[in-house]
Amino acid sequence: MSVMDLLNALTAFANFVLIPATAYGAQLALGALGVTLVYGVLRFSNVAHGDTMAFGTMVTILLTWALQESGVTLGSLPTALLALPAGIVVTAALVLGTDRLVYRFYRARRVRPVVFVIVSVGVMFVMNGLVRFIIGPGDQRFADGERFIVSAREFRDWSGLREGLALKTSQAITVVTAILVVVLLFWFLKRTRMGKSMRAYSDNEDLALLSGIDPNRVVAVTWIILAALATVAGVLYGLDKSFKPFTYFQLLLPIFASAIVGGLGSPPGAIAGGFLIAFSEVTVTYAWKKVLVYLLPDPLEPTALVQLLSTDYKFAVSFLILTAVLLIRPTGIFAGRAE
Amino acid sequence: MKKLFLTSSAIAGLAFSAAGATAEEIKLGVLLGFTGPVESLIPPIAEAAEIAMREASDSGMLLGGSTVKSVRGDSTCGDSAAAVAATERMVTADGVQAIMGAACSGATIAALTNIAVPNGIVMISPASTSPALSTTEDDGLFFRTAPSDARQGQVMAEILMEEGINEVAVSYNNNDYGKGLSDSFQSAFEAAGGTVTINAAHEDGKADYSAEVSALASAGGQRLVIIGYIDQGGSGILRGALDSGAFDTFHFPDGMIGDMLEDNFGDEINGSTGQHPASDSEGNEMFVEMVGDTFDASSPYTGQAYDAAALILLAMQAAGSSDSGDFKSSVMDVANAPGEKIFPGEIAKALEILGNGGEVDYVGATAVELIGPGESAGSYAQTEVRDGEVTTVRYR
């Protein structure tokens with residue numbers, strides 16, 4: 001085994017496992033943060049989260065198109081980043097409106113959390129229809145700018161290795177934005193007065209009310225943060241893959257899995273859960289042949305795929321982890337509030 | 001006075017309807033996946049079928065001047081329950097006499113076995129290619145103007161072998177179409193001396209395809225065969241394989257050929273090959289000319305849809321009845337020799353011949369020849385992506 005072989009093996013692993021799983025993990029983590037926040041503060045599992053992401057992304061796409069039409073771009077970065085803040089504002093207006101029209105009614109009656117979940121299913125269907133009504137059910141492209149920071153072919157030519165390494169602009173932006181958003185959110189929750197009120201409200205509603213915290217403000221701020229998280233997560237996902245309302249609806253499953261594994265209601269748990277689910281989907285079903293061919297001496301080189309499980313089972317893997325975590329630590333890895 | 005006028009007009013009305021004793025409004029179901037995985041391919045298919053219906057209506061010669069009305073229904077592609085519900089509504093509420101559809105094999109099987117067969121309704125599919133449909137119990141009610149994928153698998157293997165490709169990776173959509181075609185391709189390719197390094201399924205509409213792409217890349221091969229849908233998982237796999245540099249060229253069967261392939265991938269997939277059912281017969285040229293700018297006549301399965309609708313109407317004329325039970329046995333007669341050859345745009349002529357008790361051999365846009373259990377023998381357009389456009393190289 002030469003140094004070249006080792007480098008080839010590492011490159012193949014990074015290209016097909018490390019980079020895609022990290023980007024996917026960051027996307028799931030952002031989604032799971034939104035779910036966990038609503039669970040923590042408002043005490044219900046918001047099934048409409050995937051469709052809120054789709055709505056925010058749709059608004060951002062429409063604005064991006066308008067910007068592209070009028071010739072405004074961000075150079076090598078996607079124009080969507082410019083449209084993102086406006087997308088968040090519109091989405092915040094939608095979720096605040098939904099809260100005013102729907103959720104407030106049930107909150108005033110202090111209904112049980114399971115009723116809220118069912119209500120959010122209704123909200124999900126409405127948002128689902130709204131998005132399809134405005135932008136249609138098809139795939140939409142809105143990514144522009146430089147697609148790659150390093151493309152597989154460029155890397156091969158530059159390094160002289162047989163394996164290529166691709167790093168997409170969208171993947172880098174996803175990870176950087178995810179880190180920024182998480183740092184901001186934690187700073188907000190731990191350091192600001194509003195963040196502290198939210199945590200107090202989340203821990204014990206009655207006590208928080210007694211100490212003079214305005215519940216309406218806490219709820220409104222939670223929805224605004226949720227709108228921001230959902231829109232950012234949705235746009236980043238759309239830039240990296242593609243925008244299609246149906247796929248966003250399907251995203252709900254891995255996002256909830258991430259939030260539950262990490263511990264519903266726990267922000268650090270949501271992040272850990274997102275990466276755990278993403279890496280388990282990609283690594284457990286990874287076919288090691290490509291890497292082992294470089295690492296092992298010729299006579300030992302595998303001819304089979306050296307795959308632990310077929311990719312058909314990738315969802316089974318994440319749900320197995322979910323089940324195991326729930327059996328051993330029912331509150332999730334980071335001990336959320338779920339009972 | 002007023003009363004007298006009403007009475008006389010009622011008598012006039014009676015007299016009028018008596019004059020066209022057998023004329024009726026025939027309802028034909030157009031059951032296709034208007035939403036779902038193949039939604040971008042569907043609009044031209046539906047329009048092609050409706051052109052044939054208009055032609056028959058306008059001729060005034062169908063069953064004593066009957067007109068044909070299209071009743072569209074959304075079968076989706078992956079959702080059997082939705083396909084069954086749409087078909088049930090068509091048959092029971094709208095009262096269609098026959099159905100042109102569905103497109104996806106899973107939807108067709110569901111609609112056929114659950115609704116069409118129990119209600120005795122003829123179904124002619126323009127695009128369902130699963131080998132399983134050759135043996136499905138159908139009471140002689142089911143036909144298709146598309147060939148079985150048992151044949152497409154062989155054609156695919158031949159094309160790749162001639163291109164000098166003998167090692168491929170296969171990613172197929174986990175449904176009746178994907179599984180059927182990947183199996184038939186793998187056995188044909190291996191019989192011809194080729195190697196399939198991996199034959200792995202992918203699901204539609206999933207959040208992430210990194211795991212699938214990395215397994216395909218690890219297995220390797222000269223070309224990646226994607227047996228899926230361009231509107232769905234097929235795009236996800238293709239995007240992942242291109243971005244990670246896992247494969248440079250691909251092979252696309254019918255489900256992957258569509259506008260989106262050129263729009264979203266274009267120059268990135270130059271040199272890739274593919275095939276979809278189509279023919280270079282005289283009929284195809286006439287069909288393209290007849291359609292003009294109404295829709296893209298080169299879009300997959302448009303000719304088959306025109307032919308499917310035409311066959312239903314000609315069979316009705318031959319049997320002298322719009323009832324499925326009466327005309328189901330006439331479909332094979334009008335489709336095959338003997339008889340006068342009928343090309344696109346000649347439906348009126350065919351109706352006239354049949355009306356006079358003559359025989360026709362419907363050729364149509366796709367050189368229809370129904371074999372075995374009532375399915376097309378099959379001819380394919382071999383395509384190659386050149387300068388970002390899917391171009392037809394030859395027919396086989």
# chains A, B, ... in the order shown; residues from 1 in each chain; ligands from 1

call {"tool": "interface_residues", "arguments": {"of": "chain A", "to": "chain B", "cutoff": "8 Å", "atoms": "only C-alpha atoms", "output": "PDB file with N, CA and C atoms, in the first residue's frame"}}
result
ATOM      1  N   ASN A  15     -15.463  11.952  -0.356  1.00  0.00           N
ATOM      2  CA  ASN A  15     -16.347  12.371  -1.436  1.00  0.00           C
ATOM      3  C   ASN A  15     -17.726  11.740  -1.337  1.00  0.00           C
ATOM      4  N   PHE A  16     -17.760  10.472  -0.942  1.00  0.00           N
ATOM      5  CA  PHE A  16     -19.045   9.768  -0.979  1.00  0.00           C
ATOM      6  C   PHE A  16     -19.713   9.623   0.386  1.00  0.00           C
ATOM      7  N   VAL A  17     -18.963   9.839   1.461  1.00  0.00           N
ATOM      8  CA  VAL A  17     -19.574   9.701   2.778  1.00  0.00           C
ATOM      9  C   VAL A  17     -19.500  11.007   3.565  1.00  0.00           C
ATOM     10  N   PRO A  20     -21.173  14.510   1.689  1.00  0.00           N
ATOM     11  CA  PRO A  20     -22.643  14.505   1.556  1.00  0.00           C
ATOM     12  C   PRO A  20     -23.368  14.302   2.874  1.00  0.00           C
ATOM     13  N   ALA A  21     -22.832  13.437   3.738  1.00  0.00           N
ATOM     14  CA  ALA A  21     -23.522  13.177   5.002  1.00  0.00           C
ATOM     15  C   ALA A  21     -23.471  14.401   5.902  1.00  0.00           C
ATOM     16  N   TYR A  24     -26.074  16.862   4.536  1.00  0.00           N
ATOM     17  CA  TYR A  24     -27.413  16.348   4.825  1.00  0.00           C
ATOM     18  C   TYR A  24     -27.703  16.463   6.319  1.00  0.00           C
ATOM     19  N   PRO A 137     -46.841  21.580  -8.423  1.00  0.00           N
ATOM     20  CA  PRO A 137     -46.254  20.416  -7.770  1.00  0.00           C
ATOM     21  C   PRO A 137     -44.872  20.026  -8.293  1.00  0.00           C
ATOM     22  N   GLY A 138     -44.428  20.659  -9.364  1.00  0.00           N
ATOM     23  CA  GLY A 138     -43.203  20.203 -10.037  1.00  0.00           C
ATOM     24  C   GLY A 138     -41.915  20.653  -9.374  1.00  0.00           C
ATOM     25  N   ASP A 139     -40.825  20.197  -9.960  1.00  0.00           N
ATOM     26  CA  ASP A 139     -39.487  20.569  -9.546  1.00  0.00           C
ATOM     27  C   ASP A 139     -39.199  22.009  -9.955  1.00  0.00           C
ATOM     28  N   SER A 151     -14.675  20.807  -8.150  1.00  0.00           N
ATOM     29  CA  SER A 151     -15.415  19.739  -8.808  1.00  0.00           C
ATOM     30  C   SER A 151     -14.541  18.497  -8.885  1.00  0.00           C
ATOM     31  N   ALA A 152     -15.197  17.345  -9.048  1.00  0.00           N
ATOM     32  CA  ALA A 152     -14.472  16.076  -9.020  1.00  0.00           C
ATOM     33  C   ALA A 152     -13.365  16.051 -10.068  1.00  0.00           C
ATOM     34  N   ARG A 153     -13.675  16.551 -11.248  1.00  0.00           N
ATOM     35  CA  ARG A 153     -12.696  16.499 -12.337  1.00  0.00           C
ATOM     36  C   ARG A 153     -11.507  17.410 -12.054  1.00  0.00           C
ATOM     37  N   GLY A 164     -11.893  11.435  -7.398  1.00  0.00           N
ATOM     38  CA  GLY A 164     -12.206  12.854  -7.392  1.00  0.00           C
ATOM     39  C   GLY A 164     -12.817  13.260  -6.068  1.00  0.00           C
ATOM     40  N   LEU A 165     -12.775  14.554  -5.790  1.00  0.00           N
ATOM     41  CA  LEU A 165     -13.411  15.064  -4.585  1.00  0.00           C
ATOM     42  C   LEU A 165     -14.226  16.274  -4.996  1.00  0.00           C
ATOM     43  N   ALA A 166     -15.523  16.218  -4.754  1.00  0.00           N
ATOM     44  CA  ALA A 166     -16.369  17.340  -5.136  1.00  0.00           C
ATOM     45  C   ALA A 166     -16.886  18.039  -3.894  1.00  0.00           C
ATOM     46  N   LYS A 168     -19.578  21.052  -3.266  1.00  0.00           N
ATOM     47  CA  LYS A 168     -20.485  21.988  -3.905  1.00  0.00           C
ATOM     48  C   LYS A 168     -20.584  23.254  -3.070  1.00  0.00           C
ATOM     49  N   LYS A 241     -30.215  20.212  -3.185  1.00  0.00           N
ATOM     50  CA  LYS A 241     -30.877  19.163  -3.963  1.00  0.00           C
ATOM     51  C   LYS A 241     -31.788  19.831  -4.979  1.00  0.00           C
ATOM     52  N   PHE A 246     -43.529  17.894  -2.677  1.00  0.00           N
ATOM     53  CA  PHE A 246     -43.706  16.541  -2.153  1.00  0.00           C
ATOM     54  C   PHE A 246     -42.489  16.079  -1.345  1.00  0.00           C
ATOM     55  N   THR A 247     -41.294  16.407  -1.825  1.00  0.00           N
ATOM     56  CA  THR A 247     -40.080  15.994  -1.122  1.00  0.00           C
ATOM     57  C   THR A 247     -39.997  16.661   0.250  1.00  0.00           C
ATOM     58  N   TYR A 248     -40.464  17.915   0.327  1.00  0.00           N
ATOM     59  CA  TYR A 248     -40.408  18.616   1.602  1.00  0.00           C
ATOM     60  C   TYR A 248     -41.348  17.968   2.610  1.00  0.00           C
ATOM     61  N   GLN A 250     -42.043  14.828   2.604  1.00  0.00           N
ATOM     62  CA  GLN A 250     -41.375  13.575   2.981  1.00  0.00           C
ATOM     63  C   GLN A 250     -40.229  13.816   3.960  1.00  0.00           C
ATOM     64  N   LEU A 251     -39.649  15.020   3.928  1.00  0.00           N
ATOM     65  CA  LEU A 251     -38.530  15.348   4.811  1.00  0.00           C
ATOM     66  C   LEU A 251     -38.930  15.264   6.277  1.00  0.00           C
ATOM     67  N   GLU A 281     -27.603   6.806   7.873  1.00  0.00           N
ATOM     68  CA  GLU A 281     -28.171   6.453   6.571  1.00  0.00           C
ATOM     69  C   GLU A 281     -27.070   6.177   5.553  1.00  0.00           C
ATOM     70  N   VAL A 282     -26.030   6.990   5.573  1.00  0.00           N
ATOM     71  CA  VAL A 282     -25.002   6.865   4.536  1.00  0.00           C
ATOM     72  C   VAL A 282     -23.947   5.809   4.868  1.00  0.00           C
ATOM     73  N   THR A 283     -23.503   5.751   6.136  1.00  0.00           N
ATOM     74  CA  THR A 283     -22.371   4.862   6.427  1.00  0.00           C
ATOM     75  C   THR A 283     -22.764   3.395   6.568  1.00  0.00           C
ATOM     76  N   THR A 285     -24.968   1.692   5.147  1.00  0.00           N
ATOM     77  CA  THR A 285     -25.222   1.035   3.866  1.00  0.00           C
ATOM     78  C   THR A 285     -24.084   1.277   2.869  1.00  0.00           C
ATOM     79  N   TYR A 286     -22.971   1.840   3.341  1.00  0.00           N
ATOM     80  CA  TYR A 286     -21.892   2.145   2.402  1.00  0.00           C
ATOM     81  C   TYR A 286     -21.220   0.872   1.901  1.00  0.00           C
ATOM     82  N   ALA A 287     -20.960   0.841   0.586  1.00  0.00           N
ATOM     83  CA  ALA A 287     -20.240  -0.293   0.008  1.00  0.00           C
ATOM     84  C   ALA A 287     -18.749   0.028   0.075  1.00  0.00           C
ATOM     85  N   TRP A 288     -18.013  -0.746   0.872  1.00  0.00           N
ATOM     86  CA  TRP A 288     -16.619  -0.418   1.162  1.00  0.00           C
ATOM     87  C   TRP A 288     -15.650  -0.833   0.073  1.00  0.00           C
ATOM     88  N   LYS A 289     -16.157  -1.475  -0.981  1.00  0.00           N
ATOM     89  CA  LYS A 289     -15.272  -2.005  -2.009  1.00  0.00           C
ATOM     90  C   LYS A 289     -14.259  -0.968  -2.495  1.00  0.00           C
ATOM     91  N   LYS A 290     -14.751   0.199  -2.871  1.00  0.00           N
ATOM     92  CA  LYS A 290     -13.890   1.224  -3.466  1.00  0.00           C
ATOM     93  C   LYS A 290     -12.736   1.589  -2.534  1.00  0.00           C
ATOM     94  N   VAL A 291     -13.046   1.750  -1.256  1.00  0.00           N
ATOM     95  CA  VAL A 291     -12.020   2.132  -0.290  1.00  0.00           C
ATOM     96  C   VAL A 291     -11.059   0.965  -0.049  1.00  0.00           C
ATOM     97  N   LEU A 305     -19.179  -6.261  -3.024  1.00  0.00           N
ATOM     98  CA  LEU A 305     -19.352  -4.853  -2.674  1.00  0.00           C
ATOM     99  C   LEU A 305     -18.913  -4.507  -1.252  1.00  0.00           C
ATOM    100  N   SER A 310     -27.974  -3.541   2.213  1.00  0.00           N
ATOM    101  CA  SER A 310     -28.313  -2.890   0.956  1.00  0.00           C
ATOM    102  C   SER A 310     -28.942  -1.526   1.247  1.00  0.00           C
ATOM    103  N   THR A 311     -28.797  -0.591   0.296  1.00  0.00           N
ATOM    104  CA  THR A 311     -29.327   0.765   0.526  1.00  0.00           C
ATOM    105  C   THR A 311     -30.839   0.763   0.723  1.00  0.00           C
ATOM    106  N   ASP A 312     -31.495  -0.331   0.325  1.00  0.00           N
ATOM    107  CA  ASP A 312     -32.939  -0.433   0.563  1.00  0.00           C
ATOM    108  C   ASP A 312     -33.262  -0.252   2.045  1.00  0.00           C
ATOM    109  N   LYS A 314     -31.779   1.699   4.256  1.00  0.00           N
ATOM    110  CA  LYS A 314     -31.233   2.860   4.955  1.00  0.00           C
ATOM    111  C   LYS A 314     -32.233   3.484   5.927  1.00  0.00           C
TER     112      LYS A 314
END

call {"tool": "residues_around", "arguments": {"residues": "Val47 in chain A", "least_positions_apart": "6", "cutoff": "7 Å", "atoms": "only C-alpha atoms", "output": "list in words"}}
result
Val117, Ser120, Val121 and Met124 of chain A

call {"tool": "write_last_selection", "arguments": {"atoms": "N, CA and C atoms", "output": "short mmCIF file (atom, residue, chain, number, x, y, z; two decimals), in the first residue's frame"}}
result
data_model
loop_
_atom_site.label_atom_id
_atom_site.label_comp_id
_atom_site.auth_asym_id
_atom_site.auth_seq_id
_atom_site.Cartn_x
_atom_site.Cartn_y
_atom_site.Cartn_z
N VAL A 117 -51.52 18.34 17.95
CA VAL A 117 -50.88 17.59 16.87
C VAL A 117 -51.87 17.41 15.71
N SER A 120 -52.35 20.53 13.89
CA SER A 120 -51.24 20.86 13.00
C SER A 120 -51.28 19.99 11.74
N VAL A 121 -51.90 18.81 11.81
CA VAL A 121 -52.09 18.01 10.60
C VAL A 121 -52.99 18.77 9.62
N MET A 124 -51.09 21.49 8.13
CA MET A 124 -50.19 20.92 7.14
C MET A 124 -50.88 20.78 5.78
#

call {"tool": "select_by_dssp", "arguments": {"residues": "range 110-311 of chain B", "states": "strand (DSSP E or B)", "output": "PyMOL selection string"}}
result
chain B and resi 122-125+142-147+167-173+195-202+223-227+250-252+273-277

call {"tool": "write_last_selection", "arguments": {"atoms": "C-alpha atoms", "output": "PDB file, in the first residue's frame"}}
result
ATOM      1  CA  VAL B 122     -61.950  -2.361 -21.947  1.00  0.00           C
ATOM      2  CA  MET B 123     -58.623  -0.719 -21.073  1.00  0.00           C
ATOM      3  CA  ILE B 124     -55.890   0.070 -23.579  1.00  0.00           C
ATOM      4  CA  SER B 125     -52.708   1.396 -22.019  1.00  0.00           C
ATOM      5  CA  PHE B 142     -56.790  -5.358 -21.512  1.00  0.00           C
ATOM      6  CA  PHE B 143     -54.541  -4.362 -24.408  1.00  0.00           C
ATOM      7  CA  ARG B 144     -51.508  -2.121 -24.714  1.00  0.00           C
ATOM      8  CA  THR B 145     -49.958  -0.238 -27.584  1.00  0.00           C
ATOM      9  CA  ALA B 146     -46.702  -0.197 -25.623  1.00  0.00           C
ATOM     10  CA  PRO B 147     -44.412  -3.201 -25.746  1.00  0.00           C
ATOM     11  CA  GLU B 167     -19.803  -3.326 -17.324  1.00  0.00           C
ATOM     12  CA  VAL B 168     -22.614  -1.200 -15.894  1.00  0.00           C
ATOM     13  CA  ALA B 169     -24.176  -0.275 -12.583  1.00  0.00           C
ATOM     14  CA  VAL B 170     -27.985  -0.260 -12.430  1.00  0.00           C
ATOM     15  CA  SER B 171     -30.195   1.895 -10.225  1.00  0.00           C
ATOM     16  CA  TYR B 172     -33.892   1.136 -10.576  1.00  0.00           C
ATOM     17  CA  ASN B 173     -37.072   2.647  -9.220  1.00  0.00           C
ATOM     18  CA  THR B 195     -21.520  -7.604 -16.165  1.00  0.00           C
ATOM     19  CA  VAL B 196     -23.931  -5.770 -13.902  1.00  0.00           C
ATOM     20  CA  THR B 197     -21.783  -4.602 -10.972  1.00  0.00           C
ATOM     21  CA  ILE B 198     -24.769  -3.654  -8.808  1.00  0.00           C
ATOM     22  CA  ASN B 199     -28.526  -3.711  -9.329  1.00  0.00           C
ATOM     23  CA  ALA B 200     -29.898  -1.562  -6.529  1.00  0.00           C
ATOM     24  CA  ALA B 201     -33.291   0.018  -5.953  1.00  0.00           C
ATOM     25  CA  HIS B 202     -34.024   3.647  -5.193  1.00  0.00           C
ATOM     26  CA  ARG B 223     -21.938   3.590 -17.437  1.00  0.00           C
ATOM     27  CA  LEU B 224     -24.768   4.033 -14.958  1.00  0.00           C
ATOM     28  CA  VAL B 225     -28.149   2.728 -16.078  1.00  0.00           C
ATOM     29  CA  ILE B 226     -30.945   4.686 -14.373  1.00  0.00           C
ATOM     30  CA  ILE B 227     -34.284   2.917 -14.633  1.00  0.00           C
ATOM     31  CA  PHE B 250     -25.505   7.245 -18.349  1.00  0.00           C
ATOM     32  CA  HIS B 251     -28.099   5.121 -20.050  1.00  0.00           C
ATOM     33  CA  PHE B 252     -31.720   6.277 -19.893  1.00  0.00           C
ATOM     34  CA  THR B 273     -27.462   6.850 -24.435  1.00  0.00           C
ATOM     35  CA  GLY B 274     -31.026   5.658 -24.095  1.00  0.00           C
ATOM     36  CA  GLN B 275     -34.078   4.265 -25.791  1.00  0.00           C
ATOM     37  CA  HIS B 276     -37.844   4.645 -25.709  1.00  0.00           C
ATOM     38  CA  PRO B 277     -40.645   2.991 -27.627  1.00  0.00           C
TER      39      PRO B 277
END

call {"tool": "closest_residue", "arguments": {"among": "A:Gly262, A:Ala12, A:Val232, A:Gln68", "to": "Val176 in chain A", "atoms": "only C-alpha atoms"}}
result
A:Val232

call {"tool": "residues_around", "arguments": {"residues": "Phe44 in chain A", "least_positions_apart": "5", "cutoff": "8 Å", "atoms": "only C-alpha atoms", "output": "PDB file with C-alpha atoms, in the first residue's frame"}}
result
ATOM      1  CA  VAL A  38     -42.042  24.283  19.026  1.00  0.00           C
ATOM      2  CA  TYR A  39     -42.152  21.146  21.133  1.00  0.00           C
ATOM      3  CA  PRO A 113     -51.066  18.231  23.270  1.00  0.00           C
ATOM      4  CA  VAL A 114     -52.481  15.431  21.121  1.00  0.00           C
ATOM      5  CA  PHE A 116     -52.609  20.275  18.900  1.00  0.00           C
ATOM      6  CA  VAL A 117     -50.882  17.593  16.870  1.00  0.00           C
TER       7      VAL A 117
END

call {"tool": "residues_around", "arguments": {"residues": "Thr79 in chain A", "least_positions_apart": "3", "cutoff": "12 Å", "atoms": "only C-alpha atoms", "output": "list in words"}}
result
Thr60, Ile61, Leu62, Leu63, Thr64, Trp65, Ala66, Leu67, Gln68, Glu69, Ser70, Gly71, Val72, Thr73, Leu74, Gly75, Ser76, Leu82, Ala83, Leu84, Pro85, Phe142, Ala143, Asp144, Gly145, Glu146, Ser170, Val235 and Leu239 of chain A

call {"tool": "residues_around", "arguments": {"residues": "Gly357 in chain B", "least_positions_apart": "6", "cutoff": "10 Å", "atoms": "only C-alpha atoms", "output": "PDB file with N, CA and C atoms, in the first residue's frame"}}
result
ATOM      1  N   GLN B 317     -66.725   0.504 -33.705  1.00  0.00           N
ATOM      2  CA  GLN B 317     -67.363   0.570 -35.009  1.00  0.00           C
ATOM      3  C   GLN B 317     -67.487  -0.828 -35.620  1.00  0.00           C
ATOM      4  N   ALA B 318     -66.406  -1.621 -35.489  1.00  0.00           N
ATOM      5  CA  ALA B 318     -66.415  -2.961 -36.077  1.00  0.00           C
ATOM      6  C   ALA B 318     -67.494  -3.825 -35.432  1.00  0.00           C
ATOM      7  N   ALA B 319     -67.654  -3.666 -34.095  1.00  0.00           N
ATOM      8  CA  ALA B 319     -68.626  -4.487 -33.387  1.00  0.00           C
ATOM      9  C   ALA B 319     -70.027  -3.892 -33.476  1.00  0.00           C
ATOM     10  N   GLY B 320     -70.106  -2.635 -33.923  1.00  0.00           N
ATOM     11  CA  GLY B 320     -71.398  -1.971 -34.015  1.00  0.00           C
ATOM     12  C   GLY B 320     -71.981  -1.641 -32.659  1.00  0.00           C
ATOM     13  N   LEU B 351     -63.472   4.261 -40.289  1.00  0.00           N
ATOM     14  CA  LEU B 351     -64.838   4.125 -39.780  1.00  0.00           C
ATOM     15  C   LEU B 351     -65.795   3.811 -40.925  1.00  0.00           C
TER      16      LEU B 351
END

call {"tool": "select_by_dssp", "arguments": {"residues": "range 125-309 of chain A", "states": "helix (DSSP H, G or I)", "output": "count of residues only"}}
result
130

call {"tool": "closest_residue", "arguments": {"among": "B:Gly29, B:Ala49, B:Gln97, B:Ala337", "to": "Ser75 in chain B", "atoms": "only C-alpha atoms"}}
result
B:Gly29

call {"tool": "residues_around", "arguments": {"residues": "Ile371 in chain B", "least_positions_apart": "4", "cutoff": "10 Å", "atoms": "only C-alpha atoms", "output": "list in words"}}
result
Phe143, Arg144, Pro147, Met332, Ala335, Asn336, Glu375, Ser376, Ala377 and Gly378 of chain B

call {"tool": "atom_distance", "arguments": {"atom1": "CA of Gly358 in chain B", "atom2": "CA of Leu314 in chain B"}}
result
11.8 Å

call {"tool": "residues_around", "arguments": {"residues": "Val68 in chain B", "least_positions_apart": "3", "cutoff": "10 Å", "atoms": "only C-alpha atoms", "output": "compact mmCIF listing (two decimals) with N, CA and C atoms, in the first residue's frame"}}
result
# COMPACT_ATOMS: atom_id res chain seq x y z
N GLU B 24 -75.07 8.54 -30.08
CA GLU B 24 -74.99 8.75 -28.64
C GLU B 24 -73.73 9.54 -28.34
N GLU B 25 -73.58 9.93 -27.08
CA GLU B 25 -72.32 10.55 -26.68
C GLU B 25 -71.51 9.47 -25.97
N ILE B 26 -70.45 9.03 -26.65
CA ILE B 26 -69.61 7.98 -26.07
C ILE B 26 -68.58 8.63 -25.17
N LYS B 27 -68.49 8.13 -23.95
CA LYS B 27 -67.49 8.69 -23.04
C LYS B 27 -66.29 7.76 -22.94
N LEU B 28 -65.12 8.33 -23.21
CA LEU B 28 -63.89 7.55 -23.09
C LEU B 28 -63.07 8.10 -21.93
N GLU B 50 -56.83 12.53 -27.22
CA GLU B 50 -58.02 13.34 -27.50
C GLU B 50 -58.11 13.77 -28.97
N ALA B 52 -57.42 11.83 -31.46
CA ALA B 52 -58.08 10.71 -32.13
C ALA B 52 -59.59 10.75 -31.88
N MET B 53 -59.97 11.13 -30.65
CA MET B 53 -61.40 11.19 -30.32
C MET B 53 -62.09 12.27 -31.15
N ARG B 54 -61.43 13.44 -31.26
CA ARG B 54 -62.01 14.53 -32.06
C ARG B 54 -62.18 14.10 -33.51
N GLU B 55 -61.15 13.41 -34.00
CA GLU B 55 -61.20 12.97 -35.40
C GLU B 55 -62.43 12.09 -35.64
N ALA B 56 -62.66 11.15 -34.71
CA ALA B 56 -63.80 10.25 -34.87
C ALA B 56 -65.12 11.01 -34.74
N SER B 57 -65.19 11.95 -33.76
CA SER B 57 -66.42 12.73 -33.57
C SER B 57 -66.73 13.54 -34.82
N ASP B 58 -65.69 14.24 -35.31
CA ASP B 58 -65.89 15.16 -36.43
C ASP B 58 -66.29 14.43 -37.71
N LEU B 62 -68.97 7.58 -36.80
CA LEU B 62 -68.84 6.60 -35.72
C LEU B 62 -70.23 6.21 -35.21
N GLY B 65 -73.12 8.49 -36.27
CA GLY B 65 -72.96 9.91 -35.93
C GLY B 65 -72.76 10.19 -34.46
N VAL B 71 -63.06 11.92 -20.78
CA VAL B 71 -63.22 12.13 -19.34
C VAL B 71 -61.86 11.86 -18.71
N LEU B 313 -62.01 3.13 -30.62
CA LEU B 313 -63.12 3.64 -31.42
C LEU B 313 -63.37 2.76 -32.64

call {"tool": "atom_distance", "arguments": {"atom1": "CA of Phe55 in chain A", "atom2": "CA of Arg147 in chain A"}}
result
24.3 Å
